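Reproduced below: work_5.csv, with CSV, C-alpha atoms.
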chain,number,residue,atom,x,y,z
A,1,MET,CA,-4.7,-1.1,21.3
A,2,VAL,CA,-1.7,-0.9,23.5
A,3,PRO,CA,0.2,2.0,25.1
A,4,SER,CA,3.4,3.2,23.4
A,5,GLU,CA,6.7,2.4,25.1
A,6,ILE,CA,7.8,6.0,24.3
A,7,ARG,CA,4.7,7.8,25.6
A,8,ALA,CA,4.9,5.9,28.8
A,9,LEU,CA,8.3,7.5,29.5
A,10,PHE,CA,7.2,11.1,29.0
A,11,ALA,CA,6.3,11.9,32.6
A,12,MET,CA,9.7,10.8,33.8
A,13,VAL,CA,11.9,12.2,31.1
A,14,ALA,CA,10.3,15.7,31.4
A,15,ARG,CA,12.1,16.1,34.7
A,16,PRO,CA,15.0,18.6,34.1
A,17,GLU,CA,17.5,16.5,36.0
A,18,VAL,CA,17.0,13.6,33.6
A,19,VAL,CA,19.0,13.5,30.3
A,20,SER,CA,16.5,12.2,27.8
A,21,LEU,CA,18.0,10.1,25.0
A,22,ALA,CA,14.5,8.7,24.5
A,23,GLY,CA,12.0,10.8,22.5
A,24,GLY,CA,12.6,11.9,18.9
A,25,ALA,CA,11.5,15.5,19.4
A,26,PRO,CA,12.9,17.9,16.8
A,27,TYR,CA,14.8,20.9,18.0
A,28,VAL,CA,12.2,23.6,17.0
A,29,SER,CA,14.1,26.3,18.8
A,30,ALA,CA,16.5,26.4,15.9
A,31,LEU,CA,13.7,27.9,13.7
A,32,PRO,CA,13.8,31.7,13.2
A,33,LEU,CA,10.9,32.0,15.6
A,34,ASP,CA,10.6,35.8,15.3
A,35,ALA,CA,10.2,35.6,11.5
A,36,VAL,CA,7.8,32.7,11.8
A,37,GLY,CA,5.8,34.7,14.5
A,38,ARG,CA,5.5,37.7,12.1
A,39,MET,CA,4.5,35.4,9.3
A,40,VAL,CA,1.7,33.8,11.4
A,41,GLY,CA,0.5,37.2,12.5
A,42,GLU,CA,0.3,38.4,8.9
A,43,LEU,CA,-1.5,35.2,8.0
A,44,VAL,CA,-4.2,35.9,10.5
A,45,ALA,CA,-4.4,39.6,9.8
A,46,GLY,CA,-4.6,39.2,6.0
A,47,LYS,CA,-6.1,35.7,5.5
A,48,GLY,CA,-7.7,34.9,8.8
A,49,ALA,CA,-11.2,34.3,7.3
A,50,GLU,CA,-9.7,31.6,5.2
A,51,ALA,CA,-7.2,30.2,7.7
A,52,LEU,CA,-9.8,29.9,10.5
A,53,GLN,CA,-12.5,28.2,8.4
A,54,TYR,CA,-13.2,24.6,7.4
A,55,GLY,CA,-11.1,23.3,4.5
A,56,SER,CA,-11.0,20.5,2.0
A,57,ALA,CA,-10.6,16.9,3.2
A,58,GLN,CA,-7.9,16.5,0.6
A,59,GLY,CA,-6.0,19.6,1.8
A,60,ASP,CA,-5.2,23.0,0.5
A,61,GLU,CA,-4.3,22.9,-3.2
A,62,GLN,CA,-1.5,25.4,-3.0
A,63,LEU,CA,0.1,23.5,-0.1
A,64,ARG,CA,-0.2,20.3,-2.1
A,65,GLU,CA,1.7,21.9,-5.0
A,66,HIS,CA,4.4,23.0,-2.5
A,67,ILE,CA,4.5,19.4,-1.2
A,68,CYS,CA,5.2,18.2,-4.7
A,69,GLU,CA,8.1,20.6,-4.9
A,70,VAL,CA,9.5,19.2,-1.6
A,71,MET,CA,9.3,15.6,-2.8
A,72,SER,CA,11.0,16.5,-6.1
A,73,LEU,CA,14.2,16.9,-4.0
A,74,GLU,CA,14.1,13.1,-3.6
A,75,GLY,CA,13.4,12.4,-7.3
A,76,VAL,CA,9.6,12.1,-6.9
A,77,GLN,CA,7.6,13.6,-9.8
A,78,ALA,CA,4.0,13.9,-8.7
A,79,SER,CA,0.7,15.7,-9.3
A,80,ALA,CA,-0.9,17.7,-6.5
A,81,GLU,CA,-4.1,15.9,-7.4
A,82,ASP,CA,-2.7,12.7,-5.9
A,83,VAL,CA,-1.6,14.2,-2.6
A,84,VAL,CA,-3.8,14.1,0.5
A,85,VAL,CA,-2.8,16.4,3.4
A,86,THR,CA,-3.1,14.7,6.8
A,87,VAL,CA,-2.7,15.4,10.5
A,88,GLY,CA,1.0,14.3,10.5
A,89,ALA,CA,2.3,11.2,8.7
A,90,GLN,CA,0.8,9.2,11.6
A,91,GLN,CA,-2.7,9.9,10.4
A,92,ALA,CA,-1.7,9.0,6.8
A,93,LEU,CA,-0.5,5.6,8.0
A,94,ASP,CA,-3.7,5.1,9.9
A,95,LEU,CA,-5.8,5.9,6.8
A,96,VAL,CA,-3.8,3.6,4.6
A,97,THR,CA,-4.1,0.8,7.1
A,98,LYS,CA,-7.8,1.4,7.5
A,99,ILE,CA,-8.3,1.1,3.7
A,100,PHE,CA,-6.2,-2.0,3.1
A,101,VAL,CA,-6.2,-4.1,6.2
A,102,ASP,CA,-8.8,-6.5,7.6
A,103,PRO,CA,-8.3,-8.4,10.8
A,104,GLY,CA,-5.8,-11.2,10.4
A,105,ASP,CA,-4.2,-9.7,7.2
A,106,VAL,CA,-0.4,-9.8,7.0
A,107,VAL,CA,1.6,-6.7,7.1
A,108,LEU,CA,5.4,-6.9,6.6
A,109,ALA,CA,7.6,-4.6,8.7
A,110,GLU,CA,11.3,-4.2,9.3
A,111,ALA,CA,12.7,-5.7,12.5
A,112,PRO,CA,12.9,-3.4,14.4
A,113,SER,CA,10.2,-1.0,13.2
A,114,TYR,CA,8.7,2.3,14.1
A,115,VAL,CA,6.6,1.9,17.2
A,116,GLY,CA,3.8,4.2,16.0
A,117,ALA,CA,3.3,2.0,13.0
A,118,LEU,CA,3.2,-1.2,15.1
A,119,GLY,CA,0.5,0.4,17.2
A,120,THR,CA,-1.6,1.3,14.2
A,121,PHE,CA,-1.3,-2.2,12.8
A,122,ALA,CA,-2.3,-3.7,16.1
A,123,ALA,CA,-5.3,-1.4,16.3
A,124,TYR,CA,-6.6,-2.8,13.0
A,125,GLN,CA,-5.7,-6.4,14.1
A,126,ALA,CA,-3.1,-7.0,11.4
A,127,ASP,CA,-0.7,-9.9,11.8
A,128,VAL,CA,2.7,-8.2,11.6
A,129,VAL,CA,5.5,-10.3,10.2
A,130,HIS,CA,9.0,-8.9,10.7
A,131,VAL,CA,11.7,-8.9,8.1
A,132,PRO,CA,15.3,-8.4,9.4
A,133,LEU,CA,17.5,-5.5,8.5
A,134,ASP,CA,21.2,-4.8,8.8
A,135,GLU,CA,23.6,-1.9,8.4
A,136,GLY,CA,22.5,-1.7,4.7
A,137,GLY,CA,18.7,-1.6,5.5
A,138,LEU,CA,16.1,-4.2,4.8
A,139,VAL,CA,17.7,-7.5,3.6
A,140,PRO,CA,16.3,-8.4,0.2
A,141,SER,CA,17.0,-12.1,0.5
A,142,ALA,CA,15.1,-12.2,3.8
A,143,LEU,CA,12.2,-10.4,2.2
A,144,ARG,CA,12.0,-12.9,-0.7
A,145,GLU,CA,12.2,-15.8,1.7
A,146,THR,CA,9.4,-14.4,3.9
A,147,LEU,CA,7.1,-13.7,0.9
A,148,ALA,CA,7.7,-17.2,-0.5
A,149,ARG,CA,6.9,-18.8,2.9
A,150,LEU,CA,3.7,-16.8,3.3
A,151,ARG,CA,2.6,-17.6,-0.2
A,152,ALA,CA,3.2,-21.3,0.4
A,153,GLN,CA,1.0,-21.0,3.5
A,154,GLY,CA,-1.8,-19.4,1.3
A,155,ARG,CA,-1.5,-16.0,3.1
A,156,ARG,CA,-1.9,-12.7,1.3
A,157,VAL,CA,0.5,-9.9,2.2
A,158,LYS,CA,-1.3,-6.5,2.1
A,159,PHE,CA,1.8,-4.4,2.1
A,160,LEU,CA,5.4,-3.9,3.2
A,161,TYR,CA,5.9,-1.0,5.6
A,162,THR,CA,9.4,0.5,5.5
A,163,VAL,CA,11.3,3.6,6.7
A,164,PRO,CA,14.1,3.3,4.1
A,165,THR,CA,16.1,6.4,4.9
A,166,PHE,CA,17.7,7.0,8.4
A,167,GLN,CA,15.3,4.4,9.8
A,168,ASN,CA,13.4,4.8,13.0
A,169,PRO,CA,14.6,3.2,15.3
A,170,ALA,CA,17.8,1.7,13.9
A,171,GLY,CA,19.2,4.8,12.1
A,172,VAL,CA,20.3,2.7,9.1
A,173,THR,CA,19.6,3.5,5.4
A,174,LEU,CA,18.5,1.2,2.6
A,175,THR,CA,21.3,1.2,0.0
A,176,THR,CA,20.7,2.2,-3.6
A,177,ALA,CA,21.2,-1.3,-4.9
A,178,ARG,CA,18.8,-2.8,-2.3
A,179,ARG,CA,16.1,-0.2,-3.2
A,180,ALA,CA,15.9,-1.6,-6.7
A,181,GLN,CA,15.9,-5.2,-5.4
A,182,ILE,CA,13.1,-4.5,-2.9
A,183,LEU,CA,10.9,-2.9,-5.6
A,184,GLU,CA,11.6,-5.9,-7.9
A,185,ILE,CA,10.7,-8.4,-5.2
A,186,CYS,CA,7.5,-6.6,-4.3
A,187,ALA,CA,6.5,-6.4,-8.0
A,188,GLU,CA,7.1,-10.1,-8.3
A,189,TYR,CA,4.9,-10.9,-5.4
A,190,ASP,CA,2.3,-8.2,-6.1
A,191,VAL,CA,2.8,-6.4,-2.8
A,192,LEU,CA,2.3,-2.7,-2.1
A,193,VAL,CA,5.1,-0.7,-0.5
A,194,ILE,CA,4.3,1.9,2.2
A,195,GLU,CA,7.4,4.2,2.2
A,196,ASP,CA,7.5,6.3,5.4
A,197,ASN,CA,10.0,9.1,4.8
A,198,PRO,CA,10.0,11.8,7.5
A,199,TYR,CA,13.8,12.1,7.7
A,200,GLY,CA,14.8,11.9,4.0
A,201,LEU,CA,16.0,15.5,3.8
A,202,LEU,CA,18.0,15.4,7.0
A,203,GLY,CA,21.1,13.6,5.7
A,204,PHE,CA,24.5,14.7,6.8
A,205,ASP,CA,26.4,14.0,3.7
A,206,GLY,CA,25.6,14.7,0.0
A,207,GLU,CA,22.3,15.0,-1.7
A,208,PRO,CA,19.1,13.3,-0.5
A,209,MET,CA,18.6,9.7,-1.3
A,210,ARG,CA,16.2,8.9,-4.2
A,211,ALA,CA,12.9,7.8,-2.8
A,212,LEU,CA,11.4,4.4,-3.6
A,213,ARG,CA,8.3,6.3,-4.9
A,214,ALA,CA,10.5,7.9,-7.5
A,215,ASP,CA,11.1,4.6,-9.2
A,216,ASP,CA,7.6,3.0,-8.9
A,217,ALA,CA,4.6,5.3,-9.0
A,218,ASP,CA,2.1,2.5,-9.2
A,219,ARG,CA,3.2,0.3,-6.3
A,220,VAL,CA,4.6,2.7,-3.7
A,221,ILE,CA,2.5,4.8,-1.4
A,222,TYR,CA,4.6,7.6,0.0
A,223,LEU,CA,4.1,9.2,3.5
A,224,GLY,CA,5.7,12.5,4.3
A,225,SER,CA,5.7,15.0,7.2
A,226,PHE,CA,6.8,18.5,8.0
A,227,SER,CA,7.2,17.5,11.7
A,228,LYS,CA,11.0,17.1,11.3
A,229,THR,CA,11.8,19.8,8.7
A,230,ILE,CA,9.5,22.6,10.1
A,231,ALA,CA,7.7,21.9,13.4
A,232,SER,CA,6.0,18.8,14.9
A,233,GLY,CA,3.4,20.9,16.7
A,234,LEU,CA,1.8,22.0,13.4
A,235,ARG,CA,0.8,18.3,12.7
A,236,VAL,CA,1.0,18.6,8.9
A,237,GLY,CA,1.8,15.5,6.9
A,238,TRP,CA,0.7,14.0,3.6
A,239,VAL,CA,0.3,10.8,1.6
A,240,LEU,CA,1.0,10.5,-2.1
A,241,ALA,CA,-0.9,7.5,-3.6
A,242,PRO,CA,-2.0,6.2,-7.0
A,243,HIS,CA,-5.1,8.0,-8.2
A,244,ALA,CA,-7.7,5.3,-7.3
A,245,VAL,CA,-6.2,5.0,-3.8
A,246,ARG,CA,-6.1,8.7,-3.3
A,247,ALA,CA,-9.9,8.9,-3.8
A,248,LYS,CA,-10.4,6.3,-1.0
A,249,LEU,CA,-8.0,8.2,1.3
A,250,VAL,CA,-10.1,11.4,0.9
A,251,LEU,CA,-13.2,9.5,1.9
A,252,ALA,CA,-11.4,7.9,4.9
A,253,ALA,CA,-10.1,11.3,6.0
A,254,GLU,CA,-13.6,12.9,5.8
A,255,SER,CA,-14.9,10.1,8.0
A,256,ALA,CA,-12.1,10.5,10.5
A,257,ILE,CA,-11.6,14.2,10.9
A,258,LEU,CA,-13.8,16.0,8.2
A,259,CYS,CA,-10.7,18.0,7.2
A,260,PRO,CA,-7.2,18.7,8.5
A,261,SER,CA,-6.5,22.0,10.3
A,262,ASN,CA,-6.8,24.8,7.7
A,263,PHE,CA,-4.8,27.1,10.0
A,264,SER,CA,-1.9,24.7,10.2
A,265,GLN,CA,-2.0,24.0,6.5
A,266,LEU,CA,-1.9,27.7,5.6
A,267,ALA,CA,0.9,28.4,8.1
A,268,VAL,CA,3.0,25.7,6.4
A,269,ARG,CA,2.0,27.0,2.9
A,270,GLU,CA,3.1,30.5,3.9
A,271,TYR,CA,6.3,29.2,5.4
A,272,LEU,CA,7.2,27.4,2.2
A,273,ALA,CA,6.2,30.4,0.0
A,274,THR,CA,7.9,33.1,2.0
A,275,GLN,CA,10.7,31.7,4.2
A,276,PRO,CA,14.1,30.3,3.2
A,277,TRP,CA,13.1,26.7,4.1
A,278,ARG,CA,15.9,25.0,2.1
A,279,GLU,CA,18.5,27.0,4.1
A,280,GLN,CA,16.7,26.2,7.3
A,281,ILE,CA,16.9,22.4,6.5
A,282,LYS,CA,20.6,22.9,6.0
A,283,ASP,CA,20.8,24.5,9.4
A,284,PHE,CA,18.9,21.5,11.0
A,285,ARG,CA,21.3,19.1,9.2
A,286,GLU,CA,24.3,20.7,10.7
A,287,LEU,CA,22.8,20.9,14.2
A,288,TYR,CA,21.8,17.3,14.1
A,289,ARG,CA,25.2,16.3,12.7
A,290,GLU,CA,26.9,17.9,15.7
A,291,ARG,CA,24.7,16.1,18.1
A,292,ARG,CA,25.1,12.8,16.3
A,293,ASP,CA,28.8,13.2,16.5
A,294,ALA,CA,28.6,14.0,20.2
A,295,LEU,CA,26.7,10.8,20.8
A,296,LEU,CA,28.9,8.5,18.7
A,297,GLU,CA,32.1,9.9,20.1
A,298,SER,CA,30.8,9.5,23.7
A,299,LEU,CA,29.7,5.9,22.9
A,300,ASP,CA,33.2,5.1,21.5
A,301,GLN,CA,34.9,6.5,24.5
A,302,LEU,CA,32.7,5.3,27.4
A,303,MET,CA,30.6,2.3,26.6
A,304,PRO,CA,31.8,-1.1,27.9
A,305,ASP,CA,33.1,-3.8,25.7
A,306,GLY,CA,30.4,-5.9,24.1
A,307,CYS,CA,28.1,-3.0,23.2
A,308,THR,CA,27.6,-2.2,19.6
A,309,TRP,CA,25.6,0.5,17.8
A,310,THR,CA,24.7,1.8,14.4
A,311,ARG,CA,26.3,4.9,12.9
A,312,PRO,CA,23.5,6.9,11.1
A,313,ALA,CA,24.2,9.2,8.2
A,314,GLY,CA,21.2,11.3,9.0
A,315,GLY,CA,18.0,11.4,11.0
A,316,PHE,CA,17.6,11.2,14.7
A,317,PHE,CA,18.5,7.8,16.1
A,318,VAL,CA,21.2,5.3,17.1
A,319,TRP,CA,20.4,1.7,17.8
A,320,LEU,CA,22.5,0.1,20.6
A,321,THR,CA,22.8,-3.6,21.3
A,322,LEU,CA,23.8,-4.6,24.8
A,323,PRO,CA,26.1,-7.6,25.6
A,324,GLU,CA,24.6,-11.0,26.0
A,325,GLY,CA,22.7,-11.5,29.2
A,326,LEU,CA,21.5,-7.9,29.6
A,327,ASP,CA,17.9,-6.7,29.3
A,328,ALA,CA,17.4,-3.1,28.2
A,329,LYS,CA,13.7,-3.1,29.4
A,330,ALA,CA,14.6,-4.4,32.9
A,331,MET,CA,17.5,-2.0,33.1
A,332,ALA,CA,15.4,1.1,32.2
A,333,PRO,CA,14.1,1.9,35.7
A,334,ARG,CA,17.7,1.8,37.0
A,335,ALA,CA,18.7,4.1,34.3
A,336,ILE,CA,16.0,6.6,35.2
A,337,ALA,CA,17.3,6.4,38.8
A,338,GLU,CA,20.7,7.5,37.4
A,339,ARG,CA,18.9,10.3,35.6
A,340,VAL,CA,19.2,9.1,32.0
A,341,ALA,CA,16.4,7.8,29.7
A,342,TYR,CA,16.3,5.7,26.6
A,343,VAL,CA,13.6,3.6,24.8
A,344,PRO,CA,13.9,-0.2,25.3
A,345,GLY,CA,14.0,-2.2,22.1
A,346,THR,CA,11.0,-4.3,22.9
A,347,GLY,CA,8.6,-1.5,21.8
A,348,PHE,CA,9.9,-1.8,18.2
A,349,TYR,CA,8.9,-5.5,17.7
A,350,ALA,CA,5.4,-6.7,17.3
A,351,ASP,CA,6.2,-9.8,19.3
A,352,GLY,CA,7.9,-8.0,22.2
A,353,THR,CA,11.4,-9.3,21.5
A,354,GLY,CA,14.4,-7.1,21.3
A,355,HIS,CA,15.4,-7.2,24.9
A,356,ARG,CA,19.1,-6.5,24.3
A,357,HIS,CA,18.4,-3.4,22.2
A,358,MET,CA,17.7,0.3,23.0
A,359,ARG,CA,17.0,3.4,20.9
A,360,LEU,CA,19.1,6.5,21.6
A,361,SER,CA,17.9,9.8,20.2
A,362,TYR,CA,20.4,12.7,19.7
A,363,CYS,CA,18.1,15.3,18.1
A,364,PHE,CA,16.9,17.3,21.2
A,365,PRO,CA,19.6,17.5,23.9
A,366,GLU,CA,22.6,19.8,23.5
A,367,PRO,CA,25.9,18.1,22.9
A,368,HIS,CA,27.2,18.5,26.4
A,369,ARG,CA,24.0,17.0,27.8
A,370,ILE,CA,24.3,14.1,25.3
A,371,ARG,CA,27.9,13.4,26.6
A,372,GLU,CA,26.7,13.5,30.2
A,373,GLY,CA,23.8,11.2,29.4
A,374,VAL,CA,26.1,8.6,27.8
A,375,ARG,CA,28.4,8.8,30.8
A,376,ARG,CA,25.5,8.0,33.1
A,377,LEU,CA,24.2,5.2,30.8
A,378,ALA,CA,27.7,3.7,30.6
A,379,GLY,CA,27.8,3.5,34.3
A,380,VAL,CA,24.4,1.7,34.4
A,381,VAL,CA,25.6,-0.8,31.8
A,382,GLU,CA,28.8,-1.5,33.7
A,383,GLN,CA,26.7,-2.1,36.9
A,384,GLU,CA,24.4,-4.5,35.0
A,385,LEU,CA,27.5,-6.4,33.7
A,386,ARG,CA,28.7,-6.8,37.2
A,387,LEU,CA,25.3,-8.1,38.3
A,388,ARG,CA,25.3,-10.5,35.3
A,389,ASP,CA,28.7,-11.8,36.1
A,390,THR,CA,27.7,-12.4,39.7
A,391,PHE,CA,24.1,-13.7,39.3
A,392,GLY,CA,23.8,-14.8,35.7
A,393,SER,CA,21.8,-13.5,32.7
A,394,THR,CA,18.9,-11.1,33.2
A,395,THR,CA,17.7,-11.0,29.6
A,396,GLY,CA,13.9,-11.5,29.2
A,397,GLY,CA,13.9,-12.9,25.7
A,398,ALA,CA,15.7,-13.7,22.5
A,399,SER,CA,17.6,-11.0,20.7
A,400,THR,CA,16.5,-10.3,17.1
A,401,GLY,CA,16.8,-7.5,14.7
A,402,VAL,CA,19.4,-5.3,13.2
A,403,GLN,CA,22.9,-6.6,13.2
A,404,THR,CA,24.9,-3.7,14.4
A,405,PRO,CA,28.6,-3.0,13.5
A,406,GLY,CA,31.1,-2.6,16.3
A,407,PRO,CA,32.1,0.8,17.7
A,408,GLY,CA,35.1,1.2,15.4
A,409,ILE,CA,33.3,0.1,12.2
A,410,VAL,CA,31.6,2.5,9.8
How does the structure come out when it is put into structure tokens?
Amino acid sequence: MVPSEIRALFAMVARPEVVSLAGGAPYVSALPLDAVGRMVGELVAGKGAEALQYGSAQGDEQLREHICEVMSLEGVQASAEDVVVTVGAQQALDLVTKIFVDPGDVVLAEAPSYVGALGTFAAYQADVVHVPLDEGGLVPSALRETLARLRAQGRRVKFLYTVPTFQNPAGVTLTTARRAQILEICAEYDVLVIEDNPYGLLGFDGEPMRALRADDADRVIYLGSFSKTIASGLRVGWVLAPHAVRAKLVLAAESAILCPSNFSQLAVREYLATQPWREQIKDFRELYRERRDALLESLDQLMPDGCTWTRPAGGFFVWLTLPEGLDAKAMAPRAIAERVAYVPGTGFYADGTGHRHMRLSYCFPEPHRIREGVRRLAGVVEQELRLRDTFGSTTGGASTGVQTPGPGIV
């Protein structure tokens, strides 16, 4: 097990003078906290004996029914019997990996990929093989080539892990056409798909994308979370799996935690039953859209030539690529000294590459703070460019991963 690049930053970015474009903390202050507080008080007063007791390892049945309603917004038709409630989607990922992965097994993951997933795969001693993505998401031809190479080597791939919608960390979204291709390729090679979808309802334009699970109920295991659409502190997520896998997940959950928090589950259940949660998600979408726009506009105006970045249509993150010769990880302490924080790209690759990349998060700071943070960051990059031009390259490794469009390209 290895420490997270993001967690290592927490002590520094908590300082009020530092503008943090690092962590992906949702802006829970936008919730109607008075109404939620009354709801929780009524829950304890009226159903406290149930809420404060042990529960089922599979999770509260009524909550699982609500979860199916939430997933239906992305085209997923499911039975509550095949849903397992977990302590956030992170535990769901841990349970799935525990069930399927033995030391040395191959797991495919996007390049770059969610740092929490890479930590889980490392803990179970999986061999992570990255598949590149671009502005349209995971590249189908690269997936096919990777699977063919691994098959020729006699290696079995246990599953493909993907965040197809508003990907963490790159912010890109798998196109509709590519979704069908990815499912077709995985069926051809008999590979499971782990679809991690915490941001799917937080798009800024149009209706939610159709989930991969909506088009392949037998091959796709779907991970969901209320951390981004309600509150991360409740730690309520879920996994939707084929029936036989669901039974194993319940056994694994019993072994790990006995049962998820009954109080948190019932709080989420009451929220979904009594509060205008669809309208609240719309409010979150508008709030995050404003902050996304503030970040992109500031990058367009202030970042030096040679920097490129993605332009997300939802979610929390922008993926920035530095000019040749710059190292985002080596530059991070100097950025902190200038009171701005980001996450270096190396944390999002199993092999530690990605030195020219960084993840910028726009979900938590207010727009004026985002603009100030970009101003500080641009100054650090300009200083690094001067050092590069004087002393040569400072990059610590090869650059791999998402191919980002230029600042003026959508």
Env of Leu296 of chain A: 12 Å cut, atoms = all atoms listed in the file, seq-sep filter 4 positions within chain, self excluded. Answer as a PyMOL selection string.
chain A and resi 289-292+300-303+308-313+317-320+360-362+367+370-371+374+406-410
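If you measure from each of A:Glu195, A:Thr390, A:Ala341, A:Ser264 to Gly23 of chain A using all atoms listed in the file, the closest one turns out to be A:Ala341.
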Taking only residues of segment 31-111 of chain A that have an atom at most 8 Å from an atom of segment 138-158 of chain A, what is each one's shortest atom pair and its distance in Å to one decimal, using all atoms listed in the file, in chain and number order, as CSV?
residue,atom,partner,partner_atom,distance
A:Phe100,CA,A:Lys158,CA,6.7
A:Val101,CA,A:Lys158,CA,6.8
A:Asp105,CA,A:Lys158,CA,6.7
A:Val106,CA,A:Val157,CA,4.9
A:Val107,CA,A:Lys158,CA,5.8
A:Leu108,CA,A:Val157,CA,7.2
A:Glu110,CA,A:Leu138,CA,6.6
Writer output for current selection, C-alpha atoms, as an mmCIF file, in the coordinates of the input:
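Okay, result_18.cif is ready:
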data_model
loop_
_atom_site.group_PDB
_atom_site.id
_atom_site.type_symbol
_atom_site.label_atom_id
_atom_site.label_comp_id
_atom_site.auth_asym_id
_atom_site.auth_seq_id
_atom_site.Cartn_x
_atom_site.Cartn_y
_atom_site.Cartn_z
ATOM 1 C CA PHE A 100 -6.200 -2.000 3.100
ATOM 2 C CA VAL A 101 -6.200 -4.100 6.200
ATOM 3 C CA ASP A 105 -4.200 -9.700 7.200
ATOM 4 C CA VAL A 106 -0.400 -9.800 7.000
ATOM 5 C CA VAL A 107 1.600 -6.700 7.100
ATOM 6 C CA LEU A 108 5.400 -6.900 6.600
ATOM 7 C CA GLU A 110 11.300 -4.200 9.300
#
Option closest in space to Ala332 of chain A, from A:Glu372, A:Val193, A:Glu384, A:Arg38 [counting only C-alpha atoms]
A:Glu384
Coordinates-based distance that separates atom CA of Glu135 of chain A from atom CA of Pro112 of chain A (Å, one decimal)
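Result for atom CA of Pro112 of chain A versus atom CA of Glu135 of chain A: 12.4 Å, one decimal.
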